[in-house]
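One file, my_file_37.txt, carrying compact mmCIF, N, CA, C and O atoms:
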```
# COMPACT_ATOMS: atom_id res chain seq x y z
N MET A 1 103.87 59.33 152.79
CA MET A 1 103.25 58.43 153.75
C MET A 1 104.28 57.78 154.65
O MET A 1 104.02 57.59 155.80
N GLY A 2 105.41 57.40 154.12
CA GLY A 2 106.43 56.79 154.96
C GLY A 2 106.30 55.28 154.99
O GLY A 2 105.33 54.70 154.52
N SER A 3 107.29 54.65 155.54
CA SER A 3 107.26 53.19 155.62
C SER A 3 106.64 52.75 156.94
O SER A 3 106.66 53.47 157.93
N PHE A 4 106.10 51.58 156.91
CA PHE A 4 105.48 51.02 158.10
C PHE A 4 106.45 50.07 158.79
O PHE A 4 107.24 49.39 158.14
N SER A 5 106.36 50.00 160.08
CA SER A 5 107.25 49.11 160.84
C SER A 5 106.72 47.67 160.79
O SER A 5 105.61 47.41 160.36
N ILE A 6 107.55 46.77 161.23
CA ILE A 6 107.16 45.36 161.28
C ILE A 6 106.01 45.16 162.25
O ILE A 6 105.17 44.29 162.04
N PHE A 7 105.95 45.98 163.28
CA PHE A 7 104.85 45.90 164.25
C PHE A 7 103.51 46.20 163.57
O PHE A 7 102.51 45.55 163.84
N HIS A 8 103.51 47.15 162.68
CA HIS A 8 102.29 47.49 161.94
C HIS A 8 101.82 46.31 161.10
O HIS A 8 100.64 45.96 161.09
N TRP A 9 102.75 45.69 160.37
CA TRP A 9 102.37 44.56 159.53
C TRP A 9 101.95 43.36 160.36
O TRP A 9 101.09 42.58 159.94
N LEU A 10 102.54 43.19 161.51
CA LEU A 10 102.12 42.11 162.41
C LEU A 10 100.66 42.30 162.82
O LEU A 10 99.89 41.35 162.83
N ILE A 11 100.30 43.53 163.14
CA ILE A 11 98.92 43.81 163.52
C ILE A 11 97.98 43.65 162.33
O ILE A 11 96.91 43.06 162.44
N VAL A 12 98.40 44.13 161.18
CA VAL A 12 97.56 44.07 159.98
C VAL A 12 97.29 42.62 159.57
O VAL A 12 96.22 42.30 159.06
N ILE A 13 98.24 41.73 159.79
CA ILE A 13 98.07 40.33 159.40
C ILE A 13 97.50 39.49 160.53
O ILE A 13 96.62 38.66 160.32
N ALA A 14 97.97 39.69 161.76
CA ALA A 14 97.59 38.83 162.87
C ALA A 14 96.13 39.01 163.30
O ALA A 14 95.45 38.03 163.62
N ILE A 15 95.65 40.22 163.31
CA ILE A 15 94.27 40.45 163.76
C ILE A 15 93.25 39.82 162.82
O ILE A 15 92.37 39.09 163.28
N PRO A 16 93.33 40.02 161.50
CA PRO A 16 92.36 39.34 160.62
C PRO A 16 92.46 37.82 160.67
O PRO A 16 91.44 37.13 160.65
N VAL A 17 93.67 37.29 160.74
CA VAL A 17 93.82 35.83 160.83
C VAL A 17 93.22 35.32 162.13
O VAL A 17 92.52 34.30 162.15
N GLY A 18 93.46 36.02 163.22
CA GLY A 18 92.86 35.62 164.50
C GLY A 18 91.35 35.68 164.47
O GLY A 18 90.67 34.79 165.00
N LEU A 19 90.80 36.70 163.85
CA LEU A 19 89.34 36.80 163.75
C LEU A 19 88.76 35.69 162.86
O LEU A 19 87.68 35.17 163.16
N LEU A 20 89.46 35.34 161.80
CA LEU A 20 88.99 34.24 160.96
C LEU A 20 88.98 32.93 161.73
O LEU A 20 88.05 32.13 161.59
N VAL A 21 90.01 32.70 162.53
CA VAL A 21 90.04 31.48 163.35
C VAL A 21 88.89 31.48 164.34
O VAL A 21 88.20 30.47 164.50
N LEU A 22 88.66 32.61 165.00
CA LEU A 22 87.55 32.70 165.95
C LEU A 22 86.20 32.52 165.27
O LEU A 22 85.24 32.08 165.89
N TYR A 23 86.12 32.85 164.01
CA TYR A 23 84.87 32.73 163.26
C TYR A 23 84.66 31.31 162.75
O TYR A 23 83.56 30.76 162.84
N PHE A 24 85.71 30.67 162.22
CA PHE A 24 85.54 29.39 161.56
C PHE A 24 85.58 28.18 162.48
O PHE A 24 84.98 27.16 162.17
N VAL A 25 86.27 28.25 163.60
CA VAL A 25 86.33 27.09 164.50
C VAL A 25 84.96 26.67 165.00
O VAL A 25 84.60 25.49 164.92
N PRO A 26 84.11 27.59 165.49
CA PRO A 26 82.77 27.16 165.90
C PRO A 26 81.92 26.64 164.74
O PRO A 26 81.15 25.70 164.91
N ILE A 27 82.08 27.24 163.58
CA ILE A 27 81.30 26.78 162.42
C ILE A 27 81.68 25.35 162.05
O ILE A 27 80.82 24.52 161.77
N VAL A 28 82.97 25.06 162.06
CA VAL A 28 83.43 23.70 161.75
C VAL A 28 82.91 22.72 162.79
O VAL A 28 82.46 21.62 162.44
N LYS A 29 82.93 23.10 164.06
CA LYS A 29 82.41 22.21 165.11
C LYS A 29 80.92 21.93 164.91
O LYS A 29 80.46 20.80 165.07
N ILE A 30 80.16 22.97 164.58
CA ILE A 30 78.72 22.80 164.34
C ILE A 30 78.48 21.90 163.14
O ILE A 30 77.62 21.00 163.18
N LEU A 31 79.24 22.10 162.07
CA LEU A 31 79.08 21.26 160.89
C LEU A 31 79.42 19.81 161.18
O LEU A 31 78.74 18.89 160.71
N HIS A 32 80.46 19.57 161.99
CA HIS A 32 80.82 18.19 162.35
C HIS A 32 79.72 17.54 163.19
O HIS A 32 79.38 16.38 162.99
N LYS A 33 79.15 18.30 164.14
CA LYS A 33 78.07 17.74 164.96
C LYS A 33 76.83 17.47 164.14
O LYS A 33 76.05 16.57 164.47
N ALA A 34 76.64 18.24 163.07
CA ALA A 34 75.49 18.04 162.20
C ALA A 34 75.72 16.88 161.23
O ALA A 34 74.78 16.42 160.58
N GLY A 35 76.95 16.41 161.14
CA GLY A 35 77.25 15.29 160.27
C GLY A 35 77.80 15.70 158.92
O GLY A 35 77.91 14.87 158.02
N TYR A 36 78.14 16.95 158.74
CA TYR A 36 78.70 17.44 157.48
C TYR A 36 80.21 17.63 157.63
O TYR A 36 80.73 17.71 158.73
N SER A 37 80.88 17.76 156.50
CA SER A 37 82.31 18.02 156.51
C SER A 37 82.57 19.47 156.93
O SER A 37 81.82 20.38 156.58
N GLY A 38 83.64 19.66 157.66
CA GLY A 38 84.00 21.01 158.09
C GLY A 38 84.41 21.92 156.95
O GLY A 38 84.39 23.14 157.08
N TRP A 39 84.76 21.33 155.82
CA TRP A 39 85.16 22.12 154.66
C TRP A 39 84.01 22.95 154.10
O TRP A 39 84.22 23.88 153.32
N TRP A 40 82.77 22.62 154.46
CA TRP A 40 81.63 23.41 154.00
C TRP A 40 81.68 24.83 154.51
O TRP A 40 81.00 25.71 153.97
N CYS A 41 82.47 25.12 155.53
CA CYS A 41 82.56 26.49 156.04
C CYS A 41 83.18 27.43 155.02
O CYS A 41 82.95 28.64 155.07
N LEU A 42 83.92 26.90 154.06
CA LEU A 42 84.54 27.75 153.03
C LEU A 42 83.53 28.29 152.03
O LEU A 42 83.85 29.19 151.25
N ILE A 43 82.30 27.78 152.05
CA ILE A 43 81.27 28.26 151.14
C ILE A 43 80.89 29.71 151.45
O ILE A 43 80.31 30.39 150.61
N VAL A 44 81.28 30.19 152.62
CA VAL A 44 80.98 31.57 153.00
C VAL A 44 81.67 32.56 152.06
O VAL A 44 81.23 33.70 151.93
N PHE A 45 82.72 32.16 151.37
CA PHE A 45 83.44 33.05 150.48
C PHE A 45 82.84 33.12 149.08
O PHE A 45 83.30 33.90 148.26
N VAL A 46 81.83 32.32 148.78
CA VAL A 46 81.21 32.31 147.45
C VAL A 46 79.90 33.09 147.54
O VAL A 46 78.94 32.64 148.17
N PRO A 47 79.84 34.26 146.91
CA PRO A 47 78.63 35.08 147.00
C PRO A 47 77.41 34.37 146.44
O PRO A 47 77.50 33.59 145.51
N LEU A 48 76.28 34.62 147.01
CA LEU A 48 74.97 34.09 146.68
C LEU A 48 74.84 32.60 146.99
O LEU A 48 73.82 32.18 147.50
N VAL A 49 75.86 31.82 146.69
CA VAL A 49 75.81 30.40 147.02
C VAL A 49 75.77 30.21 148.53
O VAL A 49 75.10 29.31 149.03
N ASN A 50 76.47 31.09 149.27
CA ASN A 50 76.48 30.95 150.72
C ASN A 50 75.09 31.15 151.32
O ASN A 50 74.71 30.47 152.26
N ILE A 51 74.31 32.04 150.75
CA ILE A 51 72.95 32.26 151.24
C ILE A 51 72.07 31.06 150.93
O ILE A 51 71.30 30.60 151.77
N ILE A 52 72.21 30.53 149.73
CA ILE A 52 71.43 29.36 149.33
C ILE A 52 71.78 28.16 150.21
O ILE A 52 70.89 27.45 150.70
N MET A 53 73.08 27.94 150.44
CA MET A 53 73.49 26.80 151.25
C MET A 53 73.10 26.96 152.72
O MET A 53 72.86 25.97 153.41
N PHE A 54 72.99 28.18 153.19
CA PHE A 54 72.50 28.42 154.55
C PHE A 54 71.10 27.84 154.71
O PHE A 54 70.80 27.14 155.67
N TYR A 55 70.24 28.08 153.73
CA TYR A 55 68.88 27.55 153.80
C TYR A 55 68.85 26.04 153.55
O TYR A 55 68.03 25.33 154.14
N VAL A 56 69.72 25.54 152.70
CA VAL A 56 69.79 24.10 152.48
C VAL A 56 70.18 23.40 153.78
O VAL A 56 69.56 22.41 154.18
N PHE A 57 71.21 23.91 154.46
CA PHE A 57 71.62 23.31 155.74
C PHE A 57 70.54 23.46 156.80
O PHE A 57 70.35 22.59 157.64
N ALA A 58 69.81 24.56 156.77
CA ALA A 58 68.80 24.81 157.80
C ALA A 58 67.61 23.85 157.67
O ALA A 58 67.06 23.41 158.68
N PHE A 59 67.21 23.55 156.45
CA PHE A 59 65.98 22.79 156.26
C PHE A 59 66.19 21.36 155.76
O PHE A 59 65.23 20.62 155.60
N ALA A 60 67.41 20.95 155.52
CA ALA A 60 67.70 19.58 155.08
C ALA A 60 67.69 18.64 156.28
O ALA A 60 67.84 19.06 157.43
N ASN A 61 67.52 17.37 156.00
CA ASN A 61 67.67 16.35 157.04
C ASN A 61 69.16 16.16 157.30
O ASN A 61 69.89 15.75 156.42
N TRP A 62 69.59 16.46 158.51
CA TRP A 62 71.00 16.37 158.83
C TRP A 62 71.41 14.91 158.95
O TRP A 62 70.70 14.10 159.56
N PRO A 63 72.57 14.57 158.39
CA PRO A 63 73.02 13.18 158.48
C PRO A 63 73.16 12.66 159.90
O PRO A 63 72.86 11.50 160.18
N ALA A 64 73.57 13.48 160.83
CA ALA A 64 73.72 13.05 162.23
C ALA A 64 72.38 12.68 162.82
O ALA A 64 72.25 11.71 163.56
N LEU A 65 71.35 13.46 162.53
CA LEU A 65 70.02 13.15 163.06
C LEU A 65 69.40 11.96 162.34
O LEU A 65 68.68 11.17 162.95
N ARG A 66 69.68 11.83 161.05
CA ARG A 66 69.15 10.71 160.28
C ARG A 66 69.72 9.40 160.82
O ARG A 66 69.01 8.43 160.99
N ASP A 67 71.03 9.38 161.13
CA ASP A 67 71.66 8.18 161.69
C ASP A 67 71.15 7.90 163.10
O ASP A 67 71.00 6.75 163.49
N LYS A 68 70.87 8.93 163.86
CA LYS A 68 70.38 8.78 165.23
C LYS A 68 68.99 8.16 165.25
O LYS A 68 68.69 7.30 166.06
N HIS A 69 68.13 8.58 164.33
CA HIS A 69 66.77 8.07 164.28
C HIS A 69 66.71 6.67 163.65
O HIS A 69 65.75 5.94 163.87
N ALA A 70 67.73 6.30 162.89
CA ALA A 70 67.74 4.99 162.23
C ALA A 70 68.04 3.87 163.23
O ALA A 70 67.66 2.73 163.03
N THR A 71 68.72 4.20 164.33
CA THR A 71 69.09 3.14 165.29
C THR A 71 68.05 2.99 166.36
O THR A 71 67.18 3.71 166.61
```

Written as structure tokens, that's how I'd like the structure from this file.
Amino acid sequence: MGSFSIFHWLIVIAIPVGLLVLYFVPIVKILHKAGYSGWWCLIVFVPLVNIIMFYVFAFANWPALRDKHAT
């Protein structure tokens, strides 16, 4: 097979990290606007729990809206 150059490893590491950043930044912003901690985006790595939490977030009373209606 041969050895790979540093350029190959740069691509292998940089592209997935860049895609993760492009994926998680909007999710964190949405979670902050909804009134939740941005750390909840890490739940995507836990199988089955991520699907359950998707529905919990979708149908729960969001803290940001609850505070808005209270004033």

Rank A:Tyr55, A:Trp9, A:Phe4, A:Trp62 by their smallest atom-to-atom distance to Ala34 (chain A), using all atoms listed in the file, and report the top residue only.
-> A:Trp62

Separation of CA of Pro63 (chain A) from CA of Val21 (chain A) in Å = 25.5 Å

Alpha helix (DSSP H) positions in region 21-58 of chain A, given as a list in words = Val21, Leu22, Tyr23, Phe24, Val25, Pro26, Ile27, Val28, Lys29, Ile30, Leu31, His32, Lys33, Ala34, Val49, Asn50, Ile51, Ile52, Met53, Phe54, Tyr55, Val56, Phe57 and Ala58 of chain A

Go ahead and compute the interatomic distance for CA of Leu42 (chain A) and CA of Val28 (chain A), in Å to one decimal.
-> 9.7 Å

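Atom pair atom C of Val12 (chain A) / CA of Val46 (chain A) has a distance of 22.6 Å (rounded to one decimal).
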
Region 41-52 of chain A from the block above: all heavy atoms written as a PDB file, in the first residue's frame:
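Output file result01.pdb is given in full below:
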```
ATOM      1  N   CYS A  41     -26.148  19.271  22.129  1.00  0.00           N
ATOM      2  CA  CYS A  41     -25.862  18.800  20.771  1.00  0.00           C
ATOM      3  C   CYS A  41     -25.035  17.526  20.780  1.00  0.00           C
ATOM      4  O   CYS A  41     -25.062  16.765  19.810  1.00  0.00           O
ATOM      5  CB  CYS A  41     -25.176  19.880  19.955  1.00  0.00           C
ATOM      6  SG  CYS A  41     -23.484  20.212  20.448  1.00  0.00           S
ATOM      7  N   LEU A  42     -24.336  17.241  21.871  1.00  0.00           N
ATOM      8  CA  LEU A  42     -23.528  16.023  21.951  1.00  0.00           C
ATOM      9  C   LEU A  42     -24.377  14.765  22.095  1.00  0.00           C
ATOM     10  O   LEU A  42     -23.870  13.656  21.950  1.00  0.00           O
ATOM     11  CB  LEU A  42     -22.537  16.132  23.103  1.00  0.00           C
ATOM     12  CG  LEU A  42     -21.502  17.238  22.954  1.00  0.00           C
ATOM     13  CD1 LEU A  42     -20.606  17.284  24.172  1.00  0.00           C
ATOM     14  CD2 LEU A  42     -20.683  17.035  21.697  1.00  0.00           C
ATOM     15  N   ILE A  43     -25.669  14.917  22.362  1.00  0.00           N
ATOM     16  CA  ILE A  43     -26.559  13.769  22.487  1.00  0.00           C
ATOM     17  C   ILE A  43     -26.699  13.029  21.155  1.00  0.00           C
ATOM     18  O   ILE A  43     -27.111  11.871  21.131  1.00  0.00           O
ATOM     19  CB  ILE A  43     -27.935  14.211  23.041  1.00  0.00           C
ATOM     20  CG1 ILE A  43     -28.662  13.050  23.697  1.00  0.00           C
ATOM     21  CG2 ILE A  43     -28.817  14.798  21.983  1.00  0.00           C
ATOM     22  CD1 ILE A  43     -28.131  12.679  25.013  1.00  0.00           C
ATOM     23  N   VAL A  44     -26.307  13.667  20.073  1.00  0.00           N
ATOM     24  CA  VAL A  44     -26.393  13.039  18.757  1.00  0.00           C
ATOM     25  C   VAL A  44     -25.486  11.809  18.672  1.00  0.00           C
ATOM     26  O   VAL A  44     -25.726  10.921  17.859  1.00  0.00           O
ATOM     27  CB  VAL A  44     -26.061  14.055  17.652  1.00  0.00           C
ATOM     28  CG1 VAL A  44     -24.602  14.350  17.582  1.00  0.00           C
ATOM     29  CG2 VAL A  44     -26.558  13.586  16.312  1.00  0.00           C
ATOM     30  N   PHE A  45     -24.481  11.694  19.524  1.00  0.00           N
ATOM     31  CA  PHE A  45     -23.571  10.561  19.493  1.00  0.00           C
ATOM     32  C   PHE A  45     -24.077   9.361  20.290  1.00  0.00           C
ATOM     33  O   PHE A  45     -23.441   8.315  20.276  1.00  0.00           O
ATOM     34  CB  PHE A  45     -22.196  10.976  20.021  1.00  0.00           C
ATOM     35  CG  PHE A  45     -21.498  11.958  19.125  1.00  0.00           C
ATOM     36  CD1 PHE A  45     -21.250  13.248  19.545  1.00  0.00           C
ATOM     37  CD2 PHE A  45     -21.105  11.584  17.859  1.00  0.00           C
ATOM     38  CE1 PHE A  45     -20.605  14.146  18.727  1.00  0.00           C
ATOM     39  CE2 PHE A  45     -20.464  12.474  17.023  1.00  0.00           C
ATOM     40  CZ  PHE A  45     -20.213  13.759  17.456  1.00  0.00           C
ATOM     41  N   VAL A  46     -25.189   9.494  21.000  1.00  0.00           N
ATOM     42  CA  VAL A  46     -25.725   8.391  21.806  1.00  0.00           C
ATOM     43  C   VAL A  46     -26.887   7.766  21.038  1.00  0.00           C
ATOM     44  O   VAL A  46     -27.944   8.386  20.886  1.00  0.00           O
ATOM     45  CB  VAL A  46     -26.198   8.892  23.183  1.00  0.00           C
ATOM     46  CG1 VAL A  46     -26.697   7.742  24.028  1.00  0.00           C
ATOM     47  CG2 VAL A  46     -25.080   9.638  23.884  1.00  0.00           C
ATOM     48  N   PRO A  47     -26.712   6.538  20.556  1.00  0.00           N
ATOM     49  CA  PRO A  47     -27.769   5.906  19.767  1.00  0.00           C
ATOM     50  C   PRO A  47     -29.067   5.750  20.557  1.00  0.00           C
ATOM     51  O   PRO A  47     -29.050   5.548  21.763  1.00  0.00           O
ATOM     52  CB  PRO A  47     -27.199   4.531  19.419  1.00  0.00           C
ATOM     53  CG  PRO A  47     -25.741   4.645  19.638  1.00  0.00           C
ATOM     54  CD  PRO A  47     -25.544   5.693  20.686  1.00  0.00           C
ATOM     55  N   LEU A  48     -30.159   5.854  19.890  1.00  0.00           N
ATOM     56  CA  LEU A  48     -31.526   5.735  20.390  1.00  0.00           C
ATOM     57  C   LEU A  48     -31.923   6.895  21.300  1.00  0.00           C
ATOM     58  O   LEU A  48     -33.027   7.398  21.196  1.00  0.00           O
ATOM     59  CB  LEU A  48     -31.761   4.392  21.096  1.00  0.00           C
ATOM     60  CG  LEU A  48     -33.204   4.054  21.424  1.00  0.00           C
ATOM     61  CD1 LEU A  48     -34.046   3.981  20.167  1.00  0.00           C
ATOM     62  CD2 LEU A  48     -33.300   2.761  22.192  1.00  0.00           C
ATOM     63  N   VAL A  49     -31.032   7.314  22.176  1.00  0.00           N
ATOM     64  CA  VAL A  49     -31.341   8.456  23.037  1.00  0.00           C
ATOM     65  C   VAL A  49     -31.488   9.716  22.197  1.00  0.00           C
ATOM     66  O   VAL A  49     -32.332  10.565  22.491  1.00  0.00           O
ATOM     67  CB  VAL A  49     -30.251   8.633  24.115  1.00  0.00           C
ATOM     68  CG1 VAL A  49     -30.492   9.877  24.946  1.00  0.00           C
ATOM     69  CG2 VAL A  49     -30.176   7.408  24.994  1.00  0.00           C
ATOM     70  N   ASN A  50     -30.699   9.833  21.120  1.00  0.00           N
ATOM     71  CA  ASN A  50     -30.789  11.025  20.282  1.00  0.00           C
ATOM     72  C   ASN A  50     -32.158  11.135  19.618  1.00  0.00           C
ATOM     73  O   ASN A  50     -32.697  12.225  19.489  1.00  0.00           O
ATOM     74  CB  ASN A  50     -29.662  11.072  19.261  1.00  0.00           C
ATOM     75  CG  ASN A  50     -29.620   9.866  18.364  1.00  0.00           C
ATOM     76  OD1 ASN A  50     -30.487   9.012  18.383  1.00  0.00           O
ATOM     77  ND2 ASN A  50     -28.572   9.783  17.570  1.00  0.00           N
ATOM     78  N   ILE A  51     -32.745  10.025  19.239  1.00  0.00           N
ATOM     79  CA  ILE A  51     -34.078  10.053  18.627  1.00  0.00           C
ATOM     80  C   ILE A  51     -35.130  10.441  19.658  1.00  0.00           C
ATOM     81  O   ILE A  51     -36.014  11.256  19.394  1.00  0.00           O
ATOM     82  CB  ILE A  51     -34.403   8.690  17.991  1.00  0.00           C
ATOM     83  CG1 ILE A  51     -33.410   8.399  16.865  1.00  0.00           C
ATOM     84  CG2 ILE A  51     -35.840   8.649  17.480  1.00  0.00           C
ATOM     85  CD1 ILE A  51     -33.474   6.987  16.345  1.00  0.00           C
ATOM     86  N   ILE A  52     -35.009   9.884  20.853  1.00  0.00           N
ATOM     87  CA  ILE A  52     -35.954  10.205  21.921  1.00  0.00           C
ATOM     88  C   ILE A  52     -35.858  11.682  22.290  1.00  0.00           C
ATOM     89  O   ILE A  52     -36.878  12.370  22.435  1.00  0.00           O
ATOM     90  CB  ILE A  52     -35.703   9.310  23.145  1.00  0.00           C
ATOM     91  CG1 ILE A  52     -36.010   7.845  22.791  1.00  0.00           C
ATOM     92  CG2 ILE A  52     -36.512   9.767  24.340  1.00  0.00           C
ATOM     93  CD1 ILE A  52     -35.518   6.853  23.812  1.00  0.00           C
TER      94      ILE A  52
END
```
